[in-house]
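Participant: Could you have a look at this structure, given as structure tokens, before my questions?
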Amino acid sequence: MQFQNAEPFRIKVVEPIKRTTRAQREQWIKEAHYNVFKLHADHVYVDMLTDSGTSAMSSNQWGGVMMGDESYAGSKSFFNLQRSVEDITGFKFVQPTHQGRAADFIMAQLYVKKGGYVLGNLHFDSFKGHAEIAGAIPIDLIIEEGRRVNSIEHPFKGNMDIEKLNAFIKENGAENIPLIIITVTSNGNGGQPVSMENIRSVSEIARANGIPFMIDAARFAENCYFIKQREPGYQDKEMIEITRELFSYADGCVMSSKKDGLVNIGGFICTRHEDLFPQINQLAIINEGFVTYGGMSGRDLEALAIGLYEGIQEDYLSYRIAQVAYLGDQLAERGIPIIKPTGGHGVYVDAQQFYPHIPQSQFPGQALVVELYRTAGVRGVELGSCAFSKKDPKTGEIIYPDLEVVRLTVSRRVYTDRHMDVVVNALEDVYKRRDQMKGLRITYEGPILSLRHFTARFELLT
Ligand SMILES: *Cc1c(COP(=O)(O)O)cnc(C)c1O
């Protein structure tokens with residue numbers, strides 16, 4: 001078995017990527033005002049901007065695309081998806097949506113009442129936004145280790161703090177908490193997993209207090225693989241047993257299928273409660289489309305029905321998690337500061353430690369993103385002082401986030417380990433020259449502070 005540790009697939013179709021020169025990249029990033037969201041993707045050699053919607057589909061999935069049933073109502077592809085979802089999650093009622101955030105919207109409309117607190121480990125932005133619009137206050141109750149880059153290697157840094165959860169319910173009253181959500185893996189702190197034990201405990205507390213409990217399942221397969229690897233009692237279980245157990249503790253789930261669904265678009269919301277389903281259907285009809293397609297084409301439903309099974313295959317997951325760990329280990333070996341242990345979908349570099357001489361007001365994370373692109377055409381993304389700064393409502397002063405990181409996400413089944421070597425060698429080179437790097441000045445923000453990373457323009461400080 002240990003002889004067969006290369007990629008568990010061979011390549012049938014290739015998509016060429018272009019090699020470029022440093023001079024070209026310097027010009028392109030300047031024209032993009034030093035914002036990598038404005039680059040043309042074909043000027044990128046290894047794209048690590050996101051793992052969302054960037055997966056490579058299998059020959060089976062492409063076969064499914066041809067078989068997709070495009071009927072407006074009662075599509076065969078919908079029933080195939082329903083069967084996959086029920087088999088893997090145990091949830092009988094599934095509503096497709098055009099993306100995960102549309103499922104978030106339906107969940108917020110369904111559960112969140114004005115003035116309530118929605119408790120989570122670390123809420124994802126799109127649900128947070130929908131909850132706030134619905135009038136609720138999202139609260140993050142992740143364990144302390146999950147908030148620190150340099151915390152000792154905790155195996156489940158996505159866990160919710162059970163003591164804090166109990167205390168919060170006691171203090172604020174269960175009647176003021178319409179919903180608890182656990183996001184697996186925890187995207188907000190580096191794709192860190194949540195243990196089965198933690199999910200079980202949260203579920204028991206939710207049930208005892210009559211609070212609905214949902215799972216944000218975008219990366220459920222990667223989370224279940226970490227459970228198999230790291231949690232006592234799961235080593236000998238089949239992946240599908242673990243996924244079924246995980247979902248058995250919840251009332252339902254929302255899913256962005258652009259991650260562990262191994263497809264390029266789509267999502268869904270599930271429930272085990274028949275009485276809630278008509279409301280979900282109605283919200284879908286006015287926003288997404290008829291209940292059996294919900295904003296997805298038949299071919300996309302079909303590819304997802306297949307992709308969900310491929311996403312929980314153990315051979316695939318062991319390759320997937322090992323590739324991300326390989327990238328992290330190689331970087332750490334060269335002294336590059338990263339969040340440890342590496343999570344499921346990427347490596348997070350601590351930019352403040354990387355460039356200690358650049359203050360957050362001069363965007364050290366963005367500086368690293370820019371220099372990595374100029375060096376090798378590798379596109380990462382800043383999650384720090386540009387993306388997450390807030391303004392003090394009274395003084396107007398900028399409040400910088402605790403973490404200043406650059407995320408290097410690994411797309412599923414897309415790049416080989418040799419591409420990872422390109423990233424490692426490039427970052428090593430950038431790290432050797434770190435003393436010479438200067439920060440950036442923001443010259444344009446766009447209208448909304450919390451979204452400025454998509455539109456911001458920068459100048460290099462000299
Ligand atoms: C991506 C993501 C979403 C939103 O899904 P989209 O398909 O991008 O709309 C919600 N929650 C988590 C945890 C995600 O990673």
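Going by the structure tokens order, chains are called A, B, ..., each with residues numbered from 1, while ligands are numbered from 1 in the order shown.
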What parts of range 7-179 of chain A does DSSP call alpha helix (DSSP H)? I'd like the answer as a PyMOL selection string.
Facilitator: chain A and resi 22-31+59-67+76-89+100-111+125-133+162-172
Participant: Restrict the calculation to only C-alpha atoms and all ligand atoms, then for each residue of chain A with any atom at most 6 Å from an atom of ligand 1 give the closest atom pair and their distance in Å to one decimal, rows by chain and rising residue number, as JSON lines.
Facilitator:
{"residue": "A:Gln99", "atom": "CA", "partner": "ligand 1", "partner_atom_place_in_ligand_line": "7 (O)", "distance": 3.9}
{"residue": "A:Gly100", "atom": "CA", "partner": "ligand 1", "partner_atom_place_in_ligand_line": "5 (O)", "distance": 3.4}
{"residue": "A:Arg101", "atom": "CA", "partner": "ligand 1", "partner_atom_place_in_ligand_line": "9 (O)", "distance": 3.7}
{"residue": "A:Phe124", "atom": "CA", "partner": "ligand 1", "partner_atom_place_in_ligand_line": "11 (N)", "distance": 5.2}
{"residue": "A:Ser126", "atom": "CA", "partner": "ligand 1", "partner_atom_place_in_ligand_line": "4 (C)", "distance": 5.9}
{"residue": "A:Thr183", "atom": "CA", "partner": "ligand 1", "partner_atom_place_in_ligand_line": "13 (C)", "distance": 5.8}
{"residue": "A:Asn187", "atom": "CA", "partner": "ligand 1", "partner_atom_place_in_ligand_line": "13 (C)", "distance": 5.6}
{"residue": "A:Asp216", "atom": "CA", "partner": "ligand 1", "partner_atom_place_in_ligand_line": "13 (C)", "distance": 5.9}
{"residue": "A:Ala218", "atom": "CA", "partner": "ligand 1", "partner_atom_place_in_ligand_line": "13 (C)", "distance": 5.2}
{"residue": "A:Ser256", "atom": "CA", "partner": "ligand 1", "partner_atom_place_in_ligand_line": "7 (O)", "distance": 4.1}
{"residue": "A:Lys258", "atom": "CA", "partner": "ligand 1", "partner_atom_place_in_ligand_line": "7 (O)", "distance": 5.6}
Participant: Which is closest to Asp51 in chain A among A:Val94, A:Val414, A:Ile448, A:Val430, if we use only C-alpha atoms?
Facilitator: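 Checking each candidate against Asp51 in chain A, we get A:Val414 as the closest.
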Participant: Out of A:Glu274, A:Asp315, A:Asp421, A:Asp392, which residue has the shortest atom-to-atom distance to Phe93 in chain A when counting only C-alpha atoms?
Facilitator: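 Counting only C-alpha atoms, the residue closest to Phe93 in chain A is A:Glu274.
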Participant: Determine, for each residue of range 26-135 of chain A having at least one atom at most 10 Å from an atom of range 246-251 of chain A, the closest pair of atoms and their separation in Å to one decimal, counting only C-alpha atoms; order by chain and ascending number, as a Markdown table.
Facilitator:
| residue | atom | partner | partner_atom | distance |
| --- | --- | --- | --- | --- |
| A:Ile88 | CA | A:Phe247 | CA | 8.6 |
| A:Thr89 | CA | A:Phe247 | CA | 5.5 |
| A:Gly90 | CA | A:Ser248 | CA | 6.9 |
| A:Phe91 | CA | A:Phe247 | CA | 8.0 |
Participant: Could you turn the residues from that selection into a file that holds N, CA, C and O atoms, as a CSV table (one decimal), in the first residue's frame?
Facilitator:
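And here's selection_12.csv as it stands now:
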chain,number,residue,atom,x,y,z
A,88,ILE,N,-25.7,9.7,2.3
A,88,ILE,CA,-24.5,10.2,2.9
A,88,ILE,C,-24.8,10.9,4.2
A,88,ILE,O,-24.1,10.8,5.2
A,89,THR,N,-26.0,11.6,4.2
A,89,THR,CA,-26.3,12.5,5.4
A,89,THR,C,-27.4,11.9,6.3
A,89,THR,O,-27.6,12.3,7.4
A,90,GLY,N,-28.3,11.1,5.7
A,90,GLY,CA,-29.5,10.7,6.4
A,90,GLY,C,-30.6,11.6,6.3
A,90,GLY,O,-31.7,11.3,6.8
A,91,PHE,N,-30.4,12.8,5.7
A,91,PHE,CA,-31.5,13.8,5.6
A,91,PHE,C,-32.4,13.4,4.4
A,91,PHE,O,-32.0,13.3,3.3
Participant: Using DSSP on the backbone coordinates, identify all residues within range 130-303 of chain A classified as strand (DSSP E); present the result as a PyMOL selection string.
Facilitator: chain A and resi 137-140+179-183+213-216+252-256+267-271
Participant: Write the residues of the preceding selection, restricted to C-alpha atoms, as a PDB file, in the first residue's frame.
Facilitator:
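Listing of result11.pdb after writing:
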ATOM      1  CA  ILE A 137     -26.509  38.801  16.164  1.00  0.00           C
ATOM      2  CA  PRO A 138     -23.993  36.116  15.155  1.00  0.00           C
ATOM      3  CA  ILE A 139     -21.684  34.997  18.000  1.00  0.00           C
ATOM      4  CA  ASP A 140     -18.482  32.946  17.562  1.00  0.00           C
ATOM      5  CA  LEU A 179     -30.168  28.586  16.118  1.00  0.00           C
ATOM      6  CA  ILE A 180     -26.768  26.968  16.683  1.00  0.00           C
ATOM      7  CA  ILE A 181     -24.525  26.275  13.671  1.00  0.00           C
ATOM      8  CA  ILE A 182     -21.305  24.285  13.496  1.00  0.00           C
ATOM      9  CA  THR A 183     -19.184  24.886  10.405  1.00  0.00           C
ATOM     10  CA  PHE A 213     -28.894  22.761  15.454  1.00  0.00           C
ATOM     11  CA  MET A 214     -27.613  22.953  11.865  1.00  0.00           C
ATOM     12  CA  ILE A 215     -24.318  22.046  10.221  1.00  0.00           C
ATOM     13  CA  ASP A 216     -22.608  24.195   7.581  1.00  0.00           C
ATOM     14  CA  GLY A 252     -30.284  19.660   8.955  1.00  0.00           C
ATOM     15  CA  CYS A 253     -27.431  21.177   6.996  1.00  0.00           C
ATOM     16  CA  VAL A 254     -26.507  23.797   4.437  1.00  0.00           C
ATOM     17  CA  MET A 255     -23.886  23.022   1.842  1.00  0.00           C
ATOM     18  CA  SER A 256     -21.840  24.862  -0.741  1.00  0.00           C
ATOM     19  CA  GLY A 267     -25.450  24.052  -3.090  1.00  0.00           C
ATOM     20  CA  PHE A 268     -28.350  22.734  -1.047  1.00  0.00           C
ATOM     21  CA  ILE A 269     -30.195  22.887   2.251  1.00  0.00           C
ATOM     22  CA  CYS A 270     -31.434  19.741   3.998  1.00  0.00           C
ATOM     23  CA  THR A 271     -33.718  19.035   6.906  1.00  0.00           C
TER      24      THR A 271
END
Participant: With only C-alpha atoms as the counted atoms, please give the residues lying no more than 9 Å from Arg412 in chain A, apart from itself and same-chain residues fewer than 2 positions off, as a count of residues only.
Facilitator: 12
Participant: I'd like to know which of A:Arg413, A:Lys113, A:Arg452, A:Arg10 is closest to Tyr319 in chain A, using only C-alpha atoms.
Facilitator: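 When distances to Tyr319 in chain A are compared using only C-alpha atoms, the smallest one comes from A:Arg413.
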Participant: One decimal, in Å: what's the spacing between CA of Leu331 in chain A and CA of Lys432 in chain A?
Facilitator: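 Result for CA of Leu331 in chain A versus CA of Lys432 in chain A: 12.7 Å, one decimal.
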Participant: Within 12 Å of range 66-73 of chain A, counting only C-alpha atoms, which residues qualify if same-chain residues fewer than 6 places away don't, as a PyMOL selection string?
Facilitator: chain A and resi 59-60+79-81+285+289-306
Participant: Taking 4 positions as the minimum chain separation for residues in the same chain, which residues sit within 12 Å of Ile142 in chain A when counting only C-alpha atoms? Answer as number ranges by chain.
Facilitator: A: 119-123, 146-148, 156-165, 181-183, 186-189, 192-194, 198, 202
Participant: Pick out the closest residue to Arg379 in chain A from this set: A:Met48, A:Ala206, A:Val149, A:Leu141. Count only C-alpha atoms.
Facilitator: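 Comparing A:Met48, A:Ala206, A:Val149, A:Leu141 against Arg379 in chain A, the winner is A:Met48.
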Participant: Go through A:Thr375, A:Asn5, A:Gln109, A:Asn35 and flag the residue nearest Leu317 in chain A, using only C-alpha atoms for the distances.
Facilitator: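 Among A:Thr375, A:Asn5, A:Gln109, A:Asn35, it is A:Asn5 that comes nearest to Leu317 in chain A.
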Participant: Do you have the CA of Leu368 in chain A-CA of Ile338 in chain A distance handy?
Facilitator: 13.2 Å
Participant: Report, in Å to a single decimal, how far apart CA of Cys224 in chain A and CA of Leu383 in chain A are.
Facilitator: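 These atoms are spaced 25.8 Å apart.
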